[in-house]
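Novice: What follows is target-v1.cif, mmCIF, C-alpha atoms.
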```
data_run
#
loop_
_atom_site.label_atom_id
_atom_site.label_comp_id
_atom_site.auth_asym_id
_atom_site.auth_seq_id
_atom_site.Cartn_x
_atom_site.Cartn_y
_atom_site.Cartn_z
CA MET A 1 -32.26 85.50 114.22
CA TYR A 2 -29.50 82.91 114.41
CA PRO A 3 -30.40 79.26 113.79
CA GLU A 4 -30.34 76.95 116.77
CA THR A 5 -27.16 74.85 116.77
CA THR A 6 -27.18 71.08 117.07
CA SER A 7 -24.45 68.68 118.08
CA LEU A 8 -22.92 66.62 115.29
CA ASN A 9 -20.50 63.73 115.50
CA ILE A 10 -19.16 61.77 112.50
CA SER A 11 -17.22 58.57 113.01
CA PHE A 12 -15.97 55.80 110.73
CA TYR A 13 -15.60 52.10 111.49
CA ILE A 14 -15.53 48.71 109.77
CA ARG A 15 -18.00 45.81 110.01
CA ARG A 16 -15.77 42.86 110.70
CA THR A 17 -18.72 40.43 110.54
CA ARG A 18 -19.39 41.07 106.83
CA PRO A 19 -16.23 40.14 104.88
CA ASN A 20 -16.40 39.62 101.12
CA LYS A 21 -14.73 36.77 99.21
CA HIS A 22 -11.40 38.63 99.32
CA GLY A 23 -11.56 39.02 103.08
CA GLU A 24 -12.28 42.74 102.90
CA VAL A 25 -14.89 44.31 105.16
CA PRO A 26 -17.06 47.39 104.46
CA VAL A 27 -16.15 50.83 105.80
CA CYS A 28 -19.12 52.52 107.50
CA VAL A 29 -19.98 56.00 108.71
CA ARG A 30 -22.00 56.81 111.81
CA ILE A 31 -23.77 60.16 112.02
CA THR A 32 -24.86 61.29 115.49
CA VAL A 33 -27.09 64.35 115.94
CA ASN A 34 -28.12 65.33 119.47
CA GLY A 35 -27.49 61.77 120.69
CA GLN A 36 -29.46 60.12 117.85
CA ARG A 37 -27.43 58.12 115.35
CA ALA A 38 -27.73 56.66 111.85
CA ASP A 39 -25.30 54.36 110.03
CA THR A 40 -24.48 53.36 106.45
CA THR A 41 -21.61 52.01 104.38
CA ILE A 42 -19.56 54.42 102.25
CA ARG A 43 -19.03 51.95 99.37
CA LYS A 44 -15.43 51.25 100.32
CA SER A 45 -13.90 48.06 101.71
CA ILE A 46 -10.57 47.20 103.33
CA LEU A 47 -8.73 44.32 104.98
CA PRO A 48 -9.30 44.39 108.76
CA ASP A 49 -5.57 44.54 109.58
CA GLN A 50 -5.22 47.72 107.47
CA TRP A 51 -7.78 49.64 109.56
CA ASP A 52 -6.80 51.93 112.46
CA ALA A 53 -9.77 51.63 114.84
CA ILE A 54 -8.43 54.27 117.26
CA ARG A 55 -8.16 56.98 114.59
CA GLY A 56 -11.19 55.75 112.65
CA GLN A 57 -9.36 55.61 109.35
CA ALA A 58 -7.28 53.33 107.14
CA SER A 59 -3.59 52.85 107.78
CA PRO A 60 -1.83 55.40 105.55
CA ARG A 61 1.06 53.04 104.82
CA THR A 62 -0.57 51.66 101.65
CA THR A 63 -1.80 53.38 98.47
CA LEU A 64 -5.29 51.96 99.06
CA GLY A 65 -5.27 53.28 102.61
CA LYS A 66 -4.38 56.78 101.45
CA ALA A 67 -7.15 56.69 98.83
CA ILE A 68 -9.75 55.53 101.39
CA ASN A 69 -8.72 58.27 103.81
CA LEU A 70 -9.14 60.91 101.10
CA TYR A 71 -12.61 59.54 100.39
CA ILE A 72 -13.43 59.56 104.12
CA ASP A 73 -12.47 63.26 104.23
CA THR A 74 -14.81 63.91 101.29
CA VAL A 75 -17.70 62.08 102.98
CA ARG A 76 -17.11 63.97 106.22
CA ALA A 77 -17.09 67.32 104.38
CA ARG A 78 -20.36 66.51 102.59
CA ILE A 79 -22.11 65.51 105.81
CA ILE A 80 -20.90 68.66 107.55
CA ARG A 81 -22.23 70.75 104.67
CA ILE A 82 -25.62 68.99 104.78
CA HIS A 83 -25.78 69.52 108.55
CA ARG A 84 -24.94 73.21 108.15
CA ASP A 85 -27.63 73.68 105.43
CA LEU A 86 -30.26 72.02 107.64
CA GLU A 87 -29.35 74.31 110.51
CA MET A 88 -29.84 77.31 108.22
CA ASP A 89 -33.41 76.11 107.51
CA GLU A 90 -34.13 76.66 111.23
CA GLN A 91 -36.21 73.49 111.36
CA PRO A 92 -35.61 70.51 113.69
CA PHE A 93 -33.99 67.49 112.06
CA THR A 94 -32.58 64.09 112.96
CA ALA A 95 -29.48 62.05 112.16
CA GLN A 96 -31.59 59.93 109.80
CA GLN A 97 -32.59 63.02 107.84
CA VAL A 98 -28.94 63.98 107.47
CA LEU A 99 -28.19 60.45 106.28
CA ASP A 100 -31.12 60.48 103.82
CA LEU A 101 -29.86 63.73 102.30
CA TYR A 102 -26.34 62.30 102.05
CA LEU A 103 -27.69 59.22 100.25
CA GLY A 104 -29.93 61.31 97.99
CA ARG A 105 -33.12 59.70 99.31
CA LYS A 106 -34.68 63.01 100.26
CA THR A 107 -34.03 66.69 99.80
CA SER A 108 -34.44 69.56 102.19
CA ASN A 109 -37.24 72.10 101.94
CA ARG A 110 -35.07 74.27 99.72
CA ARG A 111 -35.73 74.69 96.00
CA THR A 112 -34.01 71.97 94.02
CA LEU A 113 -32.64 71.89 90.49
CA LEU A 114 -34.21 68.74 89.08
CA LYS A 115 -37.65 69.49 90.53
CA LEU A 116 -37.63 72.78 88.61
CA PHE A 117 -36.18 71.05 85.54
CA ARG A 118 -38.98 68.46 85.51
CA GLU A 119 -41.63 71.15 85.99
CA HIS A 120 -40.19 73.02 82.99
CA ASN A 121 -40.10 69.89 80.82
CA GLU A 122 -43.68 68.95 81.66
CA LYS A 123 -44.80 72.35 80.38
CA CYS A 124 -42.69 71.89 77.26
CA ARG A 125 -44.45 68.59 76.58
CA GLN A 126 -47.82 70.34 76.80
CA LEU A 127 -46.64 72.93 74.26
CA VAL A 128 -45.59 70.34 71.64
CA GLY A 129 -47.67 70.92 68.55
CA ILE A 130 -48.66 74.42 69.74
CA ASP A 131 -45.48 76.49 69.68
CA MET A 132 -42.77 73.92 70.35
CA ALA A 133 -41.43 71.09 68.22
CA GLU A 134 -41.23 67.52 69.51
CA ALA A 135 -37.46 67.53 68.94
CA THR A 136 -37.00 70.62 71.14
CA ALA A 137 -38.91 69.05 74.02
CA GLY A 138 -36.89 65.87 73.49
CA ARG A 139 -33.61 67.77 73.85
CA TYR A 140 -34.72 69.16 77.21
CA ASP A 141 -35.63 65.63 78.33
CA THR A 142 -32.19 64.38 77.29
CA CYS A 143 -30.52 67.31 79.03
CA LEU A 144 -32.46 66.46 82.21
CA LYS A 145 -31.30 62.83 81.94
CA HIS A 146 -27.66 63.93 81.61
CA THR A 147 -28.04 66.38 84.52
CA LEU A 148 -29.40 63.63 86.78
CA ALA A 149 -26.55 61.31 85.76
CA PHE A 150 -24.02 64.07 86.53
CA ILE A 151 -25.49 64.79 89.98
CA ARG A 152 -25.52 61.09 90.85
CA HIS A 153 -21.95 60.67 89.59
CA THR A 154 -20.53 63.77 91.28
CA TYR A 155 -22.65 64.25 94.40
CA ARG A 156 -24.08 60.73 94.95
CA ARG A 157 -27.56 62.25 95.16
CA ASP A 158 -30.76 62.32 93.13
CA ASP A 159 -31.16 66.11 93.26
CA ILE A 160 -29.34 69.22 94.45
CA GLU A 161 -30.35 72.57 95.91
CA LEU A 162 -30.40 75.41 93.38
CA GLU A 163 -28.15 77.55 95.56
CA ARG A 164 -25.39 74.96 95.20
CA VAL A 165 -25.33 75.33 91.41
CA ASP A 166 -22.30 77.58 90.90
CA ARG A 167 -19.71 78.18 88.19
CA ARG A 168 -17.77 75.09 89.25
CA PHE A 169 -20.96 73.02 88.81
CA ILE A 170 -21.37 74.35 85.24
CA GLU A 171 -17.73 73.67 84.34
CA ASP A 172 -17.82 70.16 85.80
CA PHE A 173 -21.12 69.44 84.04
CA GLY A 174 -19.63 70.47 80.70
CA PHE A 175 -16.63 68.20 81.34
CA PHE A 176 -18.98 65.33 82.28
CA LEU A 177 -20.97 65.76 79.05
CA LYS A 178 -17.81 65.51 76.94
CA THR A 179 -16.19 62.63 78.82
CA SER A 180 -18.85 60.40 80.39
CA CYS A 181 -21.62 61.11 77.86
CA GLY A 182 -19.37 61.27 74.79
CA CYS A 183 -20.87 64.54 73.55
CA SER A 184 -19.02 66.63 70.99
CA HIS A 185 -18.08 70.24 71.77
CA ASN A 186 -21.07 71.67 69.88
CA THR A 187 -23.52 69.18 71.40
CA THR A 188 -22.16 70.06 74.86
CA MET A 189 -22.70 73.76 74.13
CA LYS A 190 -26.31 73.06 73.10
CA TYR A 191 -27.03 71.12 76.31
CA LEU A 192 -25.47 73.89 78.42
CA GLY A 193 -27.72 76.31 76.56
CA ASN A 194 -30.74 74.18 77.52
CA PHE A 195 -29.50 74.05 81.11
CA LYS A 196 -29.00 77.83 81.14
CA LYS A 197 -32.73 78.31 80.49
CA ILE A 198 -33.52 76.41 83.71
CA ILE A 199 -31.12 78.63 85.66
CA ARG A 200 -32.70 81.77 84.17
CA LEU A 201 -36.09 80.46 85.23
CA ALA A 202 -34.80 80.03 88.80
CA LEU A 203 -33.28 83.52 88.76
CA SER A 204 -36.55 85.06 87.52
CA ARG A 205 -38.39 83.43 90.42
CA LYS A 206 -35.79 84.77 92.90
CA TRP A 207 -34.82 81.20 93.84
CA MET A 208 -31.16 81.93 93.15
CA GLU A 209 -29.19 85.00 94.13
CA GLU A 210 -26.28 84.73 91.68
CA ASP A 211 -26.14 83.65 88.05
CA PRO A 212 -23.56 80.83 87.71
CA PHE A 213 -23.36 81.56 83.96
CA ALA A 214 -22.32 85.19 84.51
CA GLY A 215 -19.28 85.96 82.36
CA MET A 216 -19.36 82.58 80.60
CA ARG A 217 -19.48 82.52 76.80
CA PHE A 218 -20.33 79.47 74.70
CA LYS A 219 -18.81 79.37 71.24
CA MET A 220 -19.75 76.78 68.67
CA GLN A 221 -16.96 75.26 66.60
CA PRO A 222 -17.40 75.39 62.81
CA VAL A 223 -18.53 72.06 61.37
CA ARG A 224 -17.50 70.83 57.95
CA ARG A 225 -20.54 69.09 56.54
CA GLU A 226 -20.19 66.50 53.82
CA MET A 227 -22.42 67.24 50.87
CA PRO A 228 -22.87 65.30 47.62
CA GLU A 229 -21.74 66.88 44.37
CA LYS A 230 -24.09 67.20 41.41
CA ALA A 231 -22.37 64.28 39.68
CA GLU A 232 -22.96 62.10 42.74
CA ILE A 233 -26.66 63.06 42.83
CA ASP A 234 -26.88 62.10 39.15
CA ARG A 235 -25.24 58.76 39.96
CA ILE A 236 -27.77 58.06 42.72
CA LEU A 237 -30.67 59.24 40.56
CA HIS A 238 -29.85 56.95 37.62
CA LYS A 239 -28.55 53.93 39.54
CA GLU A 240 -30.62 50.80 38.96
CA ILE A 241 -31.69 49.55 42.39
CA THR A 242 -33.61 46.30 42.88
CA ILE A 243 -33.84 46.35 46.70
CA PRO A 244 -37.21 47.99 47.58
CA ARG A 245 -36.09 49.67 50.82
CA LEU A 246 -33.03 51.20 49.13
CA ALA A 247 -35.13 52.29 46.14
CA LEU A 248 -37.51 54.06 48.54
CA THR A 249 -34.54 55.58 50.41
CA ARG A 250 -33.17 56.88 47.11
CA ASP A 251 -36.50 58.42 46.14
CA ILE A 252 -36.96 60.21 49.47
CA PHE A 253 -33.36 61.46 49.48
CA ILE A 254 -33.63 62.80 45.93
CA PHE A 255 -36.99 64.39 46.80
CA CYS A 256 -35.28 66.21 49.70
CA CYS A 257 -32.44 67.33 47.39
CA PHE A 258 -34.88 68.96 44.95
CA THR A 259 -37.27 70.48 47.51
CA GLY A 260 -35.03 71.34 50.48
CA LEU A 261 -37.59 70.00 52.94
CA ALA A 262 -36.33 68.71 56.29
CA PHE A 263 -36.94 65.05 57.11
CA SER A 264 -39.61 65.85 59.71
CA ASP A 265 -41.54 67.82 57.06
CA ILE A 266 -41.15 65.11 54.40
CA LYS A 267 -42.55 62.58 56.87
CA GLU A 268 -45.82 64.50 57.34
CA LEU A 269 -46.14 65.88 53.81
CA ALA A 270 -49.81 65.45 52.85
CA PRO A 271 -51.99 66.15 49.78
CA GLU A 272 -53.25 69.42 51.31
CA HIS A 273 -49.69 70.77 51.16
CA LEU A 274 -49.77 70.74 47.34
CA ALA A 275 -51.21 73.75 45.52
CA THR A 276 -51.55 74.96 41.92
CA ASP A 277 -51.30 78.67 41.10
CA MET A 278 -53.20 80.58 38.40
CA GLN A 279 -50.47 79.84 35.83
CA GLY A 280 -50.78 76.11 36.46
CA HIS A 281 -47.51 75.80 38.40
CA ARG A 282 -47.48 73.24 41.21
CA TRP A 283 -46.19 74.26 44.63
CA ILE A 284 -45.44 72.76 48.02
CA ARG A 285 -46.83 75.13 50.64
CA LYS A 286 -46.23 73.81 54.13
CA PRO A 287 -45.37 75.26 57.55
CA ARG A 288 -42.13 73.86 58.96
CA LYS A 289 -42.67 71.49 61.85
CA LYS A 290 -39.66 72.92 63.69
CA THR A 291 -40.42 76.64 63.50
CA GLY A 292 -43.88 77.03 61.95
CA ASN A 293 -42.40 79.21 59.17
CA MET A 294 -44.09 78.66 55.83
CA CYS A 295 -42.14 76.94 53.03
CA ASN A 296 -43.08 77.89 49.47
CA ILE A 297 -41.34 75.54 47.04
CA PRO A 298 -42.01 75.13 43.31
CA LEU A 299 -42.53 71.44 42.54
CA LEU A 300 -39.92 70.54 39.94
CA GLU A 301 -40.22 67.68 37.47
CA ILE A 302 -38.08 65.13 39.33
CA PRO A 303 -39.86 65.41 42.73
CA GLU A 304 -43.22 65.45 40.95
CA GLN A 305 -42.32 62.17 39.23
CA ILE A 306 -41.42 60.70 42.62
CA LEU A 307 -44.77 61.74 44.08
CA GLU A 308 -46.59 60.17 41.15
CA ARG A 309 -44.71 56.92 41.78
CA TYR A 310 -46.28 56.63 45.25
CA ARG A 311 -49.70 58.09 44.47
CA THR A 312 -51.43 54.73 44.96
CA ASP A 313 -49.10 53.33 47.60
CA PRO A 314 -51.22 51.55 50.29
CA GLU A 315 -49.27 53.05 53.21
CA CYS A 316 -49.61 56.56 51.79
CA LEU A 317 -53.35 56.12 51.29
CA ALA A 318 -53.80 54.66 54.77
CA HIS A 319 -51.99 57.55 56.48
CA ASN A 320 -52.96 60.33 54.05
CA VAL A 321 -49.34 61.21 53.22
CA LEU A 322 -47.50 61.63 49.93
CA LEU A 323 -44.46 59.45 50.69
CA PRO A 324 -44.14 56.22 52.75
CA VAL A 325 -41.33 57.56 54.93
CA THR A 326 -39.60 55.36 57.50
CA SER A 327 -37.74 56.64 60.56
CA ASN A 328 -34.86 59.09 60.23
CA GLN A 329 -32.53 56.62 61.93
CA LYS A 330 -33.30 53.88 59.40
CA MET A 331 -33.06 56.35 56.53
CA ASN A 332 -29.55 57.37 57.51
CA VAL A 333 -28.49 53.72 57.86
CA TYR A 334 -29.91 52.89 54.44
CA LEU A 335 -28.26 55.97 52.92
CA LYS A 336 -24.87 54.57 53.90
CA GLU A 337 -25.73 51.39 52.00
CA LEU A 338 -26.90 53.47 49.06
CA ALA A 339 -23.66 55.45 49.05
CA ASP A 340 -21.65 52.20 48.99
CA ILE A 341 -23.69 50.83 46.07
CA CYS A 342 -23.16 54.07 44.13
CA GLY A 343 -19.45 54.29 44.97
CA ILE A 344 -19.80 57.49 47.00
CA ARG A 345 -17.32 57.89 49.83
CA LYS A 346 -19.29 60.38 51.84
CA ASN A 347 -21.40 60.08 54.96
CA LEU A 348 -24.79 60.83 53.43
CA SER A 349 -27.69 61.80 55.68
CA THR A 350 -31.18 63.15 55.17
CA HIS A 351 -30.05 66.56 56.43
CA CYS A 352 -27.22 66.95 53.91
CA ALA A 353 -29.87 66.90 51.15
CA ARG A 354 -31.20 70.18 52.57
CA HIS A 355 -27.70 71.65 52.41
CA PHE A 356 -27.40 70.42 48.81
CA PHE A 357 -30.62 72.21 47.86
CA ALA A 358 -29.49 75.50 49.42
CA THR A 359 -26.04 75.34 47.82
CA TYR A 360 -27.12 74.45 44.30
CA THR A 361 -30.04 76.85 44.08
CA LEU A 362 -27.75 79.72 45.09
CA ALA A 363 -25.04 78.48 42.71
CA HIS A 364 -27.51 78.66 39.82
CA GLY A 365 -28.48 82.25 40.45
CA VAL A 366 -31.50 81.93 42.76
CA SER A 367 -31.48 84.86 45.21
CA ILE A 368 -30.70 84.12 48.83
CA GLU A 369 -34.04 85.68 49.83
CA SER A 370 -35.91 83.22 47.61
CA VAL A 371 -33.89 80.28 48.93
CA ALA A 372 -34.61 81.38 52.51
CA LYS A 373 -38.33 81.49 51.68
CA MET A 374 -38.24 77.98 50.22
CA LEU A 375 -36.32 76.60 53.20
CA GLY A 376 -38.65 78.30 55.67
CA HIS A 377 -35.88 80.37 57.27
CA SER A 378 -36.79 83.49 59.24
CA ASN A 379 -33.76 85.36 57.88
CA THR A 380 -30.95 84.85 55.37
CA ASN A 381 -28.27 84.33 58.04
CA MET A 382 -29.43 80.74 58.55
CA THR A 383 -29.53 80.24 54.77
CA ARG A 384 -25.88 81.31 54.53
CA HIS A 385 -25.07 78.73 57.19
CA TYR A 386 -26.66 76.01 55.05
CA ALA A 387 -25.01 76.89 51.75
CA LYS A 388 -21.36 76.80 50.79
CA VAL A 389 -19.56 78.42 47.88
CA LEU A 390 -18.92 75.97 45.03
CA ASP A 391 -15.90 75.95 42.76
CA GLN A 392 -18.13 76.56 39.75
CA THR A 393 -19.51 79.70 41.41
CA ILE A 394 -16.00 81.03 42.02
CA LEU A 395 -15.02 80.34 38.40
CA ARG A 396 -18.18 82.02 37.11
CA GLU A 397 -17.56 85.11 39.22
CA MET A 398 -13.85 85.26 38.37
CA SER A 399 -14.57 84.94 34.64
CA LYS A 400 -16.07 88.43 34.80
CA LEU A 401 -12.65 89.92 35.49
CA PRO A 402 -10.67 91.23 32.49
CA GLU A 403 -7.91 88.91 31.33
CA GLU A 404 -5.43 91.80 31.11
CA PHE A 405 -4.64 94.06 34.02
#
```
Write the structure described by the file as structure tokens, please.
Specialist:
Amino acid sequence: MYPETTSLNISFYIRRTRPNKHGEVPVCVRITVNGQRADTTIRKSILPDQWDAIRGQASPRTTLGKAINLYIDTVRARIIRIHRDLEMDEQPFTAQQVLDLYLGRKTSNRRTLLKLFREHNEKCRQLVGIDMAEATAGRYDTCLKHTLAFIRHTYRRDDIELERVDRRFIEDFGFFLKTSCGCSHNTTMKYLGNFKKIIRLALSRKWMEEDPFAGMRFKMQPVRREMPEKAEIDRILHKEITIPRLALTRDIFIFCCFTGLAFSDIKELAPEHLATDMQGHRWIRKPRKKTGNMCNIPLLEIPEQILERYRTDPECLAHNVLLPVTSNQKMNVYLKELADICGIRKNLSTHCARHFFATYTLAHGVSIESVAKMLGHSNTNMTRHYAKVLDQTILREMSKLPEEF
């Protein structure tokens, strides 16, 4: 059955009665469907003497006129596409409905991208604390925010039909993330990975016929992470610090360096996560907040001394935690101050302490399987990503070679 056709007329004109302070008047579009009409401005203005009323366009003699005419062609094409999509729905519609869709006020009865995205994110929020980390749900929320900004920027709408999400949409979205949002290549790849899950959800529900990601491959670029050397850790550890917030920052950072715990796990570390085995050795046994994998970490002397320092801290007692941890954002800011005080020219962060732990335990002969168990990794591939080969390890290995060939 073919959809019933409707008459469509699109015309452009200027409102001479509404000049701005520069004497320019707004350019408007009039949409007429079956004799009914609806009008709006197209966010462009022009001097009245530069408008060709007969042709319904700007005079092409000026650069501004040429630019306005190109924009008029774009507006006309979008309205024609909206009209065609509404005809395919085989439902009666009016000029005002066409205009509302053009302005992004309403969407058609077709499945839309952001409606599905929001539905997915609401379910993610309900899974936080069950089998999803807060940070993971937060990344989907941020990806949704960037997607909405992209659609508004590119299509001047608040949503878009799923069937209009094609390969060009994906490529333009990636470009938007890098340029308008200032995302790095790897961050862009992560957001596109989040976005791909929404598309797979639509494909599984048969709401899309073709996969816009088909044939596309996302490759992460290697990142060189700054990590403190042992001598720098010693400098931080033995530096006399009189500022309380920096002293606390130092203690938490050193605790991370000698336990390998992520910041989110340090923040919720509680007395029940400490255990003593039959030989009297103290352990940290805690499931990772991010993955739920269990961390089993022997409690060394230095971190145990730090815990003892805060055993009677009022904030720790009030919240039943072992360390009075502030926010990750503040910690990283304070770590930069700490690095300056200690004469360290590296961008220290809470996360680089975890890399330090992995690197130095491996460098001192701890097996990669044991390090993976302490870090709470599911397999050793992630542990290899965290650790890097140190010069001292290379020298130790090379010293095993005979001096004479």
Novice: At what distance in Å, to one decimal, does atom CA of Asn9 of chain A lie from atom CA of Gly35 of chain A?
Specialist: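 Taking atom CA of Gly35 of chain A as the start and atom CA of Asn9 of chain A as the end point, the length is 8.9 Å.
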Novice: One decimal, in Å: what's the spacing between atom CA of Arg156 of chain A and atom CA of Ser204 of chain A?
Specialist: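 Pair atom CA of Arg156 of chain A / atom CA of Ser204 of chain A returns 28.3 Å.
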Novice: When you look at Ile130 of chain A with a cut-off of 12 Å (counting all atoms listed in the file), what residues show up, excluding the ones that are within fewer than 4 positions of it in the same chain? I need them as a list of chain:residue names.
Specialist: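 Answer for this query is A:Lys123, A:Cys124, A:Arg125, A:Gln126, A:Glu134, A:Ala137, A:Lys289, A:Lys290, A:Thr291, A:Gly292.
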Novice: Report as a ChimeraX atom specification the residues that result from applying the PyMOL selection byres ((chain A and resi 262-277) around 10) to the structure here.
Specialist: /A:135,252-253,255-257,259-261,278-290,295-299,311,316,319-328,331,349-355,375-376
Novice: From the set A:Arg43, A:His153, A:Lys230, A:Arg78, which residue has the shortest atom-to-atom contact distance to Phe357 of chain A, counting only C-alpha atoms?
Specialist: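 Smallest separation from Phe357 of chain A among the options: A:Lys230.
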Novice: What gap, in Å, lies between atom CA of Asn186 of chain A and atom CA of Gln221 of chain A?
Specialist: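 Between these atoms lies a distance of 6.4 Å.
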Novice: Which residues come within 12 Å of Lys219 of chain A, counting only C-alpha atoms, excluding same-chain residues fewer than 3 positions away, as number ranges by chain?
Specialist: A: 185-190, 192-193, 216, 222
Novice: With the file shown as input, list the residues that the PyMOL selection byres ((chain A and resi 56-59) around 9) selects, as a list of chain:residue names.
Specialist: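 Expected selection for the PyMOL selection byres ((chain A and resi 56-59) around 9) here is A:Ser11, A:Phe12, A:Tyr13, A:Ile14, A:Ile46, A:Asp49, A:Gln50, A:Trp51, A:Asp52, A:Ala53, A:Ile54, A:Arg55, A:Pro60, A:Arg61, A:Thr62, A:Leu64, A:Gly65, A:Lys66, A:Ala67, A:Ile68, A:Asn69, A:Ile72.
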Novice: Using only C-alpha atoms, which residues sit within 9 Å of Pro26 of chain A once same-chain residues fewer than 3 positions away are excluded, as a list in words?
Specialist: Tyr13, Ile14, Arg15, Arg16, Arg18, Pro19, Asn20, Thr41, Ile42, Arg43, Lys44, Ser45, Ile46 and Leu47 of chain A
